[in-house]
>>> print(open('structure35.pdb').read())   # PDB, C-alpha atoms
ATOM      1  CA  MET G   1      -1.262 -15.509 -15.064  1.00  0.00           C
ATOM      2  CA  VAL G   2      -3.108 -18.831 -15.141  1.00  0.00           C
ATOM      3  CA  ARG G   3      -2.756 -20.705 -18.429  1.00  0.00           C
ATOM      4  CA  LYS G   4      -5.993 -21.778 -20.086  1.00  0.00           C
ATOM      5  CA  ARG G   5      -6.417 -25.496 -20.689  1.00  0.00           C
ATOM      6  CA  ASP G   6      -8.125 -24.669 -24.008  1.00  0.00           C
ATOM      7  CA  VAL G   7      -6.704 -21.493 -25.527  1.00  0.00           C
ATOM      8  CA  ASP G   8      -9.728 -21.235 -27.859  1.00  0.00           C
ATOM      9  CA  ALA G   9     -12.284 -21.384 -25.051  1.00  0.00           C
ATOM     10  CA  PRO G  10     -14.196 -18.103 -24.613  1.00  0.00           C
ATOM     11  CA  ALA G  11     -13.544 -16.077 -21.498  1.00  0.00           C
ATOM     12  CA  PRO G  12     -16.355 -16.093 -18.948  1.00  0.00           C
ATOM     13  CA  GLU G  13     -18.589 -13.053 -18.752  1.00  0.00           C
ATOM     14  CA  ALA G  14     -17.047 -10.415 -16.492  1.00  0.00           C
ATOM     15  CA  VAL G  15     -18.902  -9.830 -13.244  1.00  0.00           C
ATOM     16  CA  VAL G  16     -18.027  -6.662 -11.404  1.00  0.00           C
ATOM     17  CA  PRO G  17     -19.775  -6.405  -8.028  1.00  0.00           C
ATOM     18  CA  GLU G  18     -21.137  -3.084  -6.845  1.00  0.00           C
ATOM     19  CA  LEU G  19     -19.181  -2.034  -3.797  1.00  0.00           C
ATOM     20  CA  ARG G  20     -19.247   1.016  -1.585  1.00  0.00           C
ATOM     21  CA  ALA G  21     -16.533   3.599  -2.212  1.00  0.00           C
ATOM     22  CA  GLY G  22     -15.030   2.827   1.171  1.00  0.00           C
ATOM     23  CA  LEU G  23     -15.599   1.887   4.783  1.00  0.00           C
ATOM     24  CA  SER G  24     -16.916   4.449   7.227  1.00  0.00           C
ATOM     25  CA  VAL G  25     -15.260   4.708  10.615  1.00  0.00           C
ATOM     26  CA  ASP G  26     -18.341   2.923  12.069  1.00  0.00           C
ATOM     27  CA  ASP G  27     -17.524  -0.123   9.904  1.00  0.00           C
ATOM     28  CA  LEU G  28     -14.079  -0.556  11.468  1.00  0.00           C
ATOM     29  CA  THR G  29     -13.461  -3.273  14.027  1.00  0.00           C
ATOM     30  CA  ILE G  30     -11.410  -1.666  16.778  1.00  0.00           C
ATOM     31  CA  PRO G  31      -9.851  -4.225  19.146  1.00  0.00           C
ATOM     32  CA  GLU G  32     -11.691  -4.284  22.460  1.00  0.00           C
ATOM     33  CA  GLY G  33      -9.605  -2.746  25.214  1.00  0.00           C
ATOM     34  CA  LEU G  34      -7.240  -0.926  22.836  1.00  0.00           C
ATOM     35  CA  ASP G  35      -5.972   2.084  24.761  1.00  0.00           C
ATOM     36  CA  PHE G  36      -3.321   4.523  23.526  1.00  0.00           C
ATOM     37  CA  SER G  37      -3.749   6.992  26.407  1.00  0.00           C
ATOM     38  CA  ASP G  38      -0.332   6.022  27.863  1.00  0.00           C
ATOM     39  CA  TYR G  39       1.398   5.854  24.456  1.00  0.00           C
ATOM     40  CA  ASP G  40       5.097   6.646  24.788  1.00  0.00           C
ATOM     41  CA  PHE G  41       6.041   8.903  21.872  1.00  0.00           C
ATOM     42  CA  ASP G  42       9.702   8.996  22.987  1.00  0.00           C
ATOM     43  CA  LEU G  43      10.016   5.230  22.738  1.00  0.00           C
ATOM     44  CA  ALA G  44       8.162   5.261  19.422  1.00  0.00           C
ATOM     45  CA  GLY G  45      10.749   7.673  18.043  1.00  0.00           C
ATOM     46  CA  GLU G  46       8.285  10.019  16.372  1.00  0.00           C
ATOM     47  CA  PRO G  47       6.074  12.701  17.960  1.00  0.00           C
ATOM     48  CA  HIS G  48       3.223  12.749  15.432  1.00  0.00           C
ATOM     49  CA  ARG G  49      -0.244  12.044  16.782  1.00  0.00           C
ATOM     50  CA  TRP G  50      -3.772  12.044  15.332  1.00  0.00           C
ATOM     51  CA  ALA G  51      -4.242  15.805  15.740  1.00  0.00           C
ATOM     52  CA  ASP G  52      -1.046  16.517  13.757  1.00  0.00           C
ATOM     53  CA  TYR G  53      -2.517  15.163  10.504  1.00  0.00           C
ATOM     54  CA  GLU G  54      -4.824  17.257   8.310  1.00  0.00           C
ATOM     55  CA  VAL G  55      -7.217  15.996   5.639  1.00  0.00           C
ATOM     56  CA  GLY G  56      -5.667  16.745   2.239  1.00  0.00           C
ATOM     57  CA  GLU G  57      -2.106  16.729   3.612  1.00  0.00           C
ATOM     58  CA  ASN G  58       0.545  14.960   1.539  1.00  0.00           C
ATOM     59  CA  ILE G  59       3.480  13.261   3.255  1.00  0.00           C
ATOM     60  CA  ASP G  60       6.714  12.510   1.413  1.00  0.00           C
ATOM     61  CA  HIS G  61       8.204   9.544   3.242  1.00  0.00           C
ATOM     62  CA  VAL G  62      11.637  10.525   1.865  1.00  0.00           C
ATOM     63  CA  ASP G  63      13.406   7.163   1.812  1.00  0.00           C
ATOM     64  CA  GLY G  64      13.680   4.723  -1.082  1.00  0.00           C
ATOM     65  CA  VAL G  65      14.618   1.094  -1.550  1.00  0.00           C
ATOM     66  CA  THR G  66      15.917  -0.636  -4.666  1.00  0.00           C
ATOM     67  CA  ILE G  67      14.254  -3.991  -5.278  1.00  0.00           C
ATOM     68  CA  GLU G  68      16.635  -6.898  -5.906  1.00  0.00           C
ATOM     69  CA  GLU G  69      15.926 -10.307  -7.429  1.00  0.00           C
ATOM     70  CA  ALA G  70      16.918 -12.522  -4.493  1.00  0.00           C
ATOM     71  CA  GLU G  71      15.026 -10.675  -1.746  1.00  0.00           C
ATOM     72  CA  HIS G  72      11.854 -10.467  -3.825  1.00  0.00           C
ATOM     73  CA  MET G  73      11.900 -14.178  -4.699  1.00  0.00           C
ATOM     74  CA  MET G  74      12.561 -15.204  -1.091  1.00  0.00           C
ATOM     75  CA  ALA G  75       9.710 -13.028   0.202  1.00  0.00           C
ATOM     76  CA  THR G  76       7.350 -14.192  -2.542  1.00  0.00           C
ATOM     77  CA  ARG G  77       8.000 -17.841  -1.621  1.00  0.00           C
ATOM     78  CA  LEU G  78       7.336 -17.025   2.034  1.00  0.00           C
ATOM     79  CA  TRP G  79       3.971 -15.552   1.000  1.00  0.00           C
ATOM     80  CA  GLN G  80       3.340 -18.841  -0.846  1.00  0.00           C
ATOM     81  CA  ASN G  81       2.877 -17.207  -4.238  1.00  0.00           C
ATOM     82  CA  THR G  82       4.146 -19.672  -6.840  1.00  0.00           C
ATOM     83  CA  ALA G  83       3.284 -17.778 -10.034  1.00  0.00           C
ATOM     84  CA  LYS G  84       6.062 -18.535 -12.522  1.00  0.00           C
ATOM     85  CA  VAL G  85       6.360 -14.923 -13.742  1.00  0.00           C
ATOM     86  CA  HIS G  86       7.852 -14.062 -10.333  1.00  0.00           C
ATOM     87  CA  PHE G  87      10.602 -16.697 -10.520  1.00  0.00           C
ATOM     88  CA  ASP G  88      11.305 -17.883 -14.047  1.00  0.00           C
ATOM     89  CA  ALA G  89      12.855 -15.281 -16.365  1.00  0.00           C
ATOM     90  CA  THR G  90      11.818 -17.319 -19.426  1.00  0.00           C
ATOM     91  CA  ASN G  91       8.112 -16.726 -18.723  1.00  0.00           C
ATOM     92  CA  ARG G  92       8.115 -13.145 -19.994  1.00  0.00           C
ATOM     93  CA  PRO G  93       9.176 -12.008 -23.474  1.00  0.00           C
ATOM     94  CA  ASP G  94      11.404  -9.302 -21.969  1.00  0.00           C
ATOM     95  CA  GLY G  95      13.235 -11.829 -19.738  1.00  0.00           C
ATOM     96  CA  ASN G  96      12.346  -9.952 -16.533  1.00  0.00           C
ATOM     97  CA  ARG G  97      10.877 -11.483 -13.421  1.00  0.00           C
ATOM     98  CA  LEU G  98       7.775  -9.565 -12.358  1.00  0.00           C
ATOM     99  CA  ILE G  99       8.033  -8.355  -8.758  1.00  0.00           C
ATOM    100  CA  TYR G 100       5.141  -9.729  -6.704  1.00  0.00           C
ATOM    101  CA  GLY G 101       2.624  -7.004  -5.786  1.00  0.00           C
ATOM    102  CA  GLY G 102       2.579  -8.145  -2.161  1.00  0.00           C
ATOM    103  CA  HIS G 103       6.292  -7.359  -1.959  1.00  0.00           C
ATOM    104  CA  VAL G 104       5.617  -3.851  -3.286  1.00  0.00           C
ATOM    105  CA  ILE G 105       2.868  -3.371  -0.664  1.00  0.00           C
ATOM    106  CA  SER G 106       5.197  -4.589   2.089  1.00  0.00           C
ATOM    107  CA  MET G 107       8.042  -2.293   0.991  1.00  0.00           C
ATOM    108  CA  ALA G 108       5.671   0.673   0.657  1.00  0.00           C
ATOM    109  CA  ARG G 109       4.228   0.118   4.127  1.00  0.00           C
ATOM    110  CA  ALA G 110       7.721  -0.184   5.617  1.00  0.00           C
ATOM    111  CA  LEU G 111       8.876   3.017   3.901  1.00  0.00           C
ATOM    112  CA  SER G 112       5.793   4.884   5.143  1.00  0.00           C
ATOM    113  CA  PHE G 113       6.981   4.592   8.733  1.00  0.00           C
ATOM    114  CA  ASN G 114       9.085   7.706   8.124  1.00  0.00           C
ATOM    115  CA  GLY G 115       6.208  10.096   8.864  1.00  0.00           C
ATOM    116  CA  LEU G 116       3.652   7.492   9.969  1.00  0.00           C
ATOM    117  CA  ALA G 117       5.635   5.605  12.611  1.00  0.00           C
ATOM    118  CA  ASN G 118       2.764   5.847  15.071  1.00  0.00           C
ATOM    119  CA  ALA G 119       0.226   4.287  12.702  1.00  0.00           C
ATOM    120  CA  GLN G 120      -0.072   1.205  14.869  1.00  0.00           C
ATOM    121  CA  MET G 121      -2.432  -0.995  12.906  1.00  0.00           C
ATOM    122  CA  ILE G 122      -4.389  -1.157   9.687  1.00  0.00           C
ATOM    123  CA  VAL G 123      -8.059  -1.814  10.453  1.00  0.00           C
ATOM    124  CA  GLY G 124      -9.668  -1.471   7.032  1.00  0.00           C
ATOM    125  CA  ILE G 125      -8.764  -1.538   3.349  1.00  0.00           C
ATOM    126  CA  ASN G 126     -11.025   0.480   1.059  1.00  0.00           C
ATOM    127  CA  ALA G 127      -9.397   0.022  -2.327  1.00  0.00           C
ATOM    128  CA  GLY G 128      -6.132  -0.683  -4.033  1.00  0.00           C
ATOM    129  CA  ALA G 129      -4.505  -0.922  -7.424  1.00  0.00           C
ATOM    130  CA  HIS G 130      -1.246  -2.304  -8.726  1.00  0.00           C
ATOM    131  CA  ALA G 131      -1.038   0.373 -11.389  1.00  0.00           C
ATOM    132  CA  ASN G 132       2.159  -0.641 -13.213  1.00  0.00           C
ATOM    133  CA  PRO G 133       4.682  -3.501 -13.081  1.00  0.00           C
ATOM    134  CA  CYS G 134       7.776  -3.463 -10.919  1.00  0.00           C
ATOM    135  CA  PHE G 135      11.043  -5.187 -11.824  1.00  0.00           C
ATOM    136  CA  ALA G 136      14.375  -5.827 -10.099  1.00  0.00           C
ATOM    137  CA  GLY G 137      16.478  -2.695 -10.150  1.00  0.00           C
ATOM    138  CA  ASP G 138      13.491  -0.374  -9.701  1.00  0.00           C
ATOM    139  CA  THR G 139      13.795   1.986  -6.748  1.00  0.00           C
ATOM    140  CA  ILE G 140      10.563   2.428  -4.811  1.00  0.00           C
ATOM    141  CA  ARG G 141       9.659   5.632  -3.023  1.00  0.00           C
ATOM    142  CA  VAL G 142       6.353   6.377  -1.314  1.00  0.00           C
ATOM    143  CA  TRP G 143       4.071   9.209  -0.363  1.00  0.00           C
ATOM    144  CA  SER G 144       0.791   9.327   1.513  1.00  0.00           C
ATOM    145  CA  GLU G 145      -2.271  11.528   1.468  1.00  0.00           C
ATOM    146  CA  VAL G 146      -4.591  11.973   4.449  1.00  0.00           C
ATOM    147  CA  LEU G 147      -8.067  11.290   3.014  1.00  0.00           C
ATOM    148  CA  ASP G 148     -10.099  11.455   6.224  1.00  0.00           C
ATOM    149  CA  LYS G 149      -9.785  11.314   9.992  1.00  0.00           C
ATOM    150  CA  ALA G 150     -12.219  10.305  12.694  1.00  0.00           C
ATOM    151  CA  GLU G 151     -12.389   9.892  16.422  1.00  0.00           C
ATOM    152  CA  VAL G 152     -13.133   6.489  17.887  1.00  0.00           C
ATOM    153  CA  SER G 153     -14.471   5.574  21.318  1.00  0.00           C
ATOM    154  CA  ASN G 154     -11.315   3.855  22.572  1.00  0.00           C
ATOM    155  CA  PRO G 155      -9.221   6.047  24.877  1.00  0.00           C
ATOM    156  CA  GLY G 156      -6.353   7.842  23.168  1.00  0.00           C
ATOM    157  CA  VAL G 157      -7.116   6.281  19.763  1.00  0.00           C
ATOM    158  CA  GLY G 158      -7.870   8.076  16.485  1.00  0.00           C
ATOM    159  CA  ALA G 159      -8.441   6.750  12.970  1.00  0.00           C
ATOM    160  CA  LEU G 160      -6.831   8.043   9.779  1.00  0.00           C
ATOM    161  CA  ARG G 161      -7.920   7.144   6.264  1.00  0.00           C
ATOM    162  CA  MET G 162      -4.748   7.177   4.182  1.00  0.00           C
ATOM    163  CA  ARG G 163      -3.812   6.810   0.536  1.00  0.00           C
ATOM    164  CA  LEU G 164      -0.412   5.111   0.205  1.00  0.00           C
ATOM    165  CA  VAL G 165       1.243   5.555  -3.195  1.00  0.00           C
ATOM    166  CA  ALA G 166       4.416   3.765  -4.282  1.00  0.00           C
ATOM    167  CA  VAL G 167       6.302   5.108  -7.271  1.00  0.00           C
ATOM    168  CA  LYS G 168       9.462   4.019  -9.055  1.00  0.00           C
ATOM    169  CA  GLY G 169      12.105   6.544  -9.880  1.00  0.00           C
ATOM    170  CA  PRO G 170      14.318   9.182  -8.382  1.00  0.00           C
ATOM    171  CA  SER G 171      11.664  11.037  -6.350  1.00  0.00           C
ATOM    172  CA  ALA G 172       8.252  10.558  -4.828  1.00  0.00           C
ATOM    173  CA  ASP G 173       6.402  13.579  -6.157  1.00  0.00           C
ATOM    174  CA  PHE G 174       2.686  13.791  -5.537  1.00  0.00           C
ATOM    175  CA  PRO G 175       0.864  13.595  -8.890  1.00  0.00           C
ATOM    176  CA  LEU G 176      -0.935  10.272  -9.160  1.00  0.00           C
ATOM    177  CA  ARG G 177      -2.553  10.473 -12.580  1.00  0.00           C
ATOM    178  CA  GLY G 178      -1.768  12.145 -15.865  1.00  0.00           C
ATOM    179  CA  GLU G 179      -3.964  14.588 -17.741  1.00  0.00           C
ATOM    180  CA  ASP G 180      -5.687  11.622 -19.400  1.00  0.00           C
ATOM    181  CA  GLY G 181      -6.917  10.409 -15.972  1.00  0.00           C
ATOM    182  CA  LYS G 182      -4.795   7.252 -16.086  1.00  0.00           C
ATOM    183  CA  TYR G 183      -2.136   6.340 -13.560  1.00  0.00           C
ATOM    184  CA  ARG G 184       1.247   7.799 -14.414  1.00  0.00           C
ATOM    185  CA  ALA G 185       3.767   5.240 -15.702  1.00  0.00           C
ATOM    186  CA  ASP G 186       5.893   5.563 -12.533  1.00  0.00           C
ATOM    187  CA  VAL G 187       3.019   4.740 -10.141  1.00  0.00           C
ATOM    188  CA  LEU G 188       3.262   1.166  -8.852  1.00  0.00           C
ATOM    189  CA  LEU G 189       0.706   1.067  -6.044  1.00  0.00           C
ATOM    190  CA  ASP G 190      -2.326   3.070  -4.928  1.00  0.00           C
ATOM    191  CA  LEU G 191      -3.689   1.765  -1.606  1.00  0.00           C
ATOM    192  CA  ASP G 192      -6.563   3.338   0.374  1.00  0.00           C
ATOM    193  CA  TYR G 193      -6.760   2.154   4.011  1.00  0.00           C
ATOM    194  CA  TRP G 194      -7.775   3.069   7.559  1.00  0.00           C
ATOM    195  CA  CYS G 195      -5.204   2.941  10.359  1.00  0.00           C
ATOM    196  CA  LEU G 196      -5.232   3.672  14.085  1.00  0.00           C
ATOM    197  CA  VAL G 197      -2.913   6.229  15.657  1.00  0.00           C
ATOM    198  CA  PRO G 198      -2.555   7.641  19.171  1.00  0.00           C
ATOM    199  CA  CYS G 199      -4.285  10.937  19.954  1.00  0.00           C
TER     200      CYS G 199
END
>>> encode(input="structure35.pdb", output="structure tokens")
Amino acid sequence: MVRKRDVDAPAPEAVVPELRAGLSVDDLTIPEGLDFSDYDFDLAGEPHRWADYEVGENIDHVDGVTIEEAEHMMATRLWQNTAKVHFDATNRPDGNRLIYGGHVISMARALSFNGLANAQMIVGINAGAHANPCFAGDTIRVWSEVLDKAEVSNPGVGALRMRLVAVKGPSADFPLRGEDGKYRADVLLDLDYWCLVPC
């Protein structure tokens, strides 16, 4: 998205660092003094706690939101992203403004609260991919998969490793990749993270 000063200049050699597949629960920084032992599930509006989630479980978060031009541009400015493809319709051959990936992440996280309302904080991000572009008029739906769970030493606190997937279209069904191993065309976001929930 950054224009080259010299279009004939060769691209630099790609450097891909070797990274671990993900953080272990011991790598997470849990806020000192965090205590969920008196967590009020009635006030939270959802009864689900750490023990209610099973590794391998898929959660359809049910709701969807249609992305509109004005809201996306306002949010993208607030996040201080000034890339022209997000604002100027003449910067893409198809005349569409590309929806900023941070907006997709924000919408996906907000939609995930239907089923993960008690996921109080994200404490680690393992991986993520913006798999396909999103444009105004696309309706985003999300689903999550429980990848792992672990106990932590803080009272009443448990950790869940979650995969959050945002898709565009009429339903959030669970397949992530096609038979060729590539992301399906309707998959917008694949985010792998650790969050803390009450036990």
>>> closest_atom_pairs(input="structure35.pdb", of="segment 146-174 of chain G", to="segment 114-131 of chain G", cutoff="9 Å", atoms="all atoms listed in the file", output="tab-separated table")
residue	atom	partner	partner_atom	distance
G:Ala159	CA	G:Val123	CA	8.9
G:Leu160	CA	G:Ala119	CA	8.5
G:Arg161	CA	G:Gly124	CA	8.8
>>> closest_atom_pairs(input="structure35.pdb", of="segment 114-159 of chain G", to="segment 66-84 of chain G", cutoff="12 Å", atoms="all atoms listed in the file", output="CSV")
residue,atom,partner,partner_atom,distance
G:Cys134,CA,G:Ile67,CA,8.6
G:Phe135,CA,G:Ile67,CA,7.4
G:Ala136,CA,G:Glu68,CA,4.9
G:Gly137,CA,G:Ile67,CA,5.5
G:Asp138,CA,G:Thr66,CA,5.6
G:Thr139,CA,G:Thr66,CA,4.0
G:Ile140,CA,G:Thr66,CA,6.2
G:Arg141,CA,G:Thr66,CA,9.0
>>> atom_distance(input="structure35.pdb", atom1="atom CA of Cys195 of chain G", atom2="atom CA of Leu176 of chain G")
21.3 Å
>>> atom_distance(input="structure35.pdb", atom1="atom CA of Glu57 of chain G", atom2="atom CA of Asp27 of chain G")
23.7 Å
>>> atom_distance(input="structure35.pdb", atom1="atom CA of Glu151 of chain G", atom2="atom CA of Phe174 of chain G")
26.9 Å
>>> axis_aligned_box(input="structure35.pdb", around="segment 155-158 of chain G", padding_each_side="8 Å", output="JSON")
{"center_x": -7.8, "center_y": 7.1, "center_z": 20.7, "size_x": 18.9, "size_y": 18.0, "size_z": 24.4}
>>> resolve_selection(input="structure35.pdb", expression="the PyMOL selection byres ((chain G and resi 30) around 9)", output="compact mmCIF listing (two decimals) with C-alpha atoms, keeping the file's coordinate frame")
# COMPACT_ATOMS: atom_id res chain seq x y z
CA LEU G 28 -14.08 -0.56 11.47
CA THR G 29 -13.46 -3.27 14.03
CA PRO G 31 -9.85 -4.22 19.15
CA GLU G 32 -11.69 -4.28 22.46
CA GLY G 33 -9.60 -2.75 25.21
CA LEU G 34 -7.24 -0.93 22.84
CA VAL G 123 -8.06 -1.81 10.45
CA VAL G 152 -13.13 6.49 17.89
CA ASN G 154 -11.32 3.86 22.57
CA LEU G 196 -5.23 3.67 14.08
>>> residues_around(input="structure35.pdb", residues="segment 180-185 of chain G", least_positions_apart="3", cutoff="9 Å", atoms="all atoms listed in the file", output="JSON, numbers by chain")
{"G": [131, 132, 167, 168, 175, 176, 177, 188]}
